[in-house]
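Trainee: What follows is a single structure, and I will ask about it in a moment.
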Amino acid sequence: MSKNRTNPSSHGYVPWRVILISSAMLIAIPAQASTAHAAPRTVTGDVVFQIMDYENFGANERCHHDFRLTPRSVEVNQKRIITVRATCGGEIRVEVRYALQQQAGGYIRVTEGSVKFYEGDSVNTNDLDGTSAFANIFLWPGQSAVRNIHVQNWAEGEPDDKADVRLTLRN
Ligand SMILES: [Ca+2]
Ligand SMILES: [Ca+2]
Ligand SMILES: [Ca+2]
């Protein structure tokens, strides 16, 4: 193995075999770094709902719900769908839904976000009367983000059927 070894200074050039070894060492460094980034990230946060239920007779009903989100572990190449629901006045159900994805560098991207407003004969109704979308929230490790999303009964033109959702997420 050592019979081809030469002294670079005696010939005035660097033997190519030495250059190849150096290139291999450079390639190994980013490979180790990407393995470290594959660790799962944990996303926490909370969702606050302020909901109003319009009433034909008497005062409109108002509801306040504050949910602390269950911590979610998010792996690379795995999409986690989260749904949080709140109800009000026996007629309204509000559903917050979004996807969590971990991307390069350990940051979390929030996609496919929506807030859906159902209003009908009961809180289990499938009568969808309003939808608001949100997307592309980026959470770097150690950071949090807040979104305020408004939704109301647009389908039936009743602005006193409404919800304001405050979503806070932390990576
Ligand atoms: Ca009502
Ligand atoms: Ca009611
Ligand atoms: Ca309705």
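A note on labels: chains of the structure tokens are A, B, ... as shown, every chain counts residues from 1, and ligands are counted from 1 in their shown order.
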Write out as an mmCIF file with C-alpha atoms, in the first residue's frame each polymer residue (protein, DNA or RNA) that has an atom no more than 12 Å from ligand 1, with only C-alpha atoms and all ligand atoms counted.
Mentor:
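Written file, selection_10.cif:
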```
data_model
loop_
_atom_site.group_PDB
_atom_site.id
_atom_site.type_symbol
_atom_site.label_atom_id
_atom_site.label_comp_id
_atom_site.auth_asym_id
_atom_site.auth_seq_id
_atom_site.Cartn_x
_atom_site.Cartn_y
_atom_site.Cartn_z
ATOM 1 C CA ILE A 51 -68.177 31.257 19.688
ATOM 2 C CA MET A 52 -71.544 33.000 19.362
ATOM 3 C CA ASP A 53 -74.810 31.199 18.628
ATOM 4 C CA TYR A 54 -77.533 33.464 17.218
ATOM 5 C CA GLU A 55 -80.948 33.038 18.847
ATOM 6 C CA ASN A 56 -84.310 34.091 17.396
ATOM 7 C CA PHE A 57 -85.618 34.773 20.897
ATOM 8 C CA GLY A 58 -83.600 36.097 23.796
ATOM 9 C CA ALA A 59 -79.918 36.740 24.002
ATOM 10 C CA ASN A 60 -77.412 35.067 21.733
ATOM 11 C CA GLU A 61 -75.422 32.330 23.436
ATOM 12 C CA ARG A 62 -71.689 32.842 23.909
ATOM 13 C CA THR A 87 -69.454 23.308 20.427
ATOM 14 C CA CYS A 88 -71.847 26.064 21.488
ATOM 15 C CA GLY A 89 -75.525 26.637 22.208
ATOM 16 C CA GLY A 90 -76.703 23.169 21.187
ATOM 17 C CA GLU A 91 -76.472 24.089 17.488
ATOM 18 C CA ILE A 92 -72.892 24.954 16.587
ATOM 19 C CA ARG A 93 -69.740 22.898 16.145
ATOM 20 C CA TYR A 118 -71.301 23.844 11.344
ATOM 21 C CA GLU A 119 -74.724 25.130 12.429
ATOM 22 C CA GLY A 120 -77.938 23.125 12.514
ATOM 23 C CA ASP A 121 -80.401 21.190 14.640
ATOM 24 C CA SER A 122 -77.685 19.886 16.976
ATOM 25 C CA VAL A 123 -73.926 20.129 17.567
ATOM 26 C CA ASN A 153 -72.387 31.547 9.082
ATOM 27 C CA GLU A 156 -77.214 31.422 5.663
ATOM 28 C CA GLU A 158 -76.314 35.109 9.786
ATOM 29 C CA PRO A 159 -73.314 37.129 11.029
ATOM 30 C CA ASP A 160 -74.207 36.549 14.705
ATOM 31 C CA ASP A 161 -73.416 32.847 14.226
ATOM 32 C CA LYS A 162 -69.650 33.134 14.389
#
```
Trainee: Give me, as a ChimeraX atom specification, all polymer residues having an atom no more than 12 Å from range 132-147 of chain A, counting only C-alpha atoms and skipping those fewer than 4 positions away in the same chain.
Mentor: /A:37,39-48,94-117,128,151-154,162-171
Trainee: Given the choices A:Ala38, A:Asn126, A:Val84, A:Ile149, which gets closest to Arg68 in chain A if the distance is worked out from only C-alpha atoms?
Mentor: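 Once distances to Arg68 in chain A are computed over only C-alpha atoms, the minimum belongs to A:Val84.
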Trainee: So how far away is CA of Asp66 in chain A from CA of Gln78 in chain A, in Å?
Mentor: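 Interatomic distance, CA of Gln78 in chain A to CA of Asp66 in chain A: 27.6 Å.
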Trainee: What is the CA of His150 in chain A-CA of Phe49 in chain A distance in Å, reported with one decimal?
Mentor: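 About the pair CA of His150 in chain A and CA of Phe49 in chain A: they are 10.0 Å apart.
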Trainee: Which residue is closest to ligand 3? Choose from A:Gly157, A:Thr70, A:Asp127, A:Asn148 and count only C-alpha atoms and all ligand atoms.
Mentor: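 Among the listed residues, A:Asp127 lies closest to ligand 3.
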Trainee: Give me, please, the distance in Å between atom 1 (Ca, counted along the ligand's line) of ligand 3 and CA of Thr125 in chain A, quoted to one decimal.
Mentor: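 Computing the Euclidean distance for atom 1 (Ca, counted along the ligand's line) of ligand 3 and CA of Thr125 in chain A yields 8.5 Å.
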Trainee: With only C-alpha atoms and all ligand atoms as the basis for distance, which of A:Ser73, A:Asp129, A:Gln50, A:Cys63 is at the shortest distance from ligand 2?
Mentor: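 Selected residue with least distance to ligand 2: A:Cys63.
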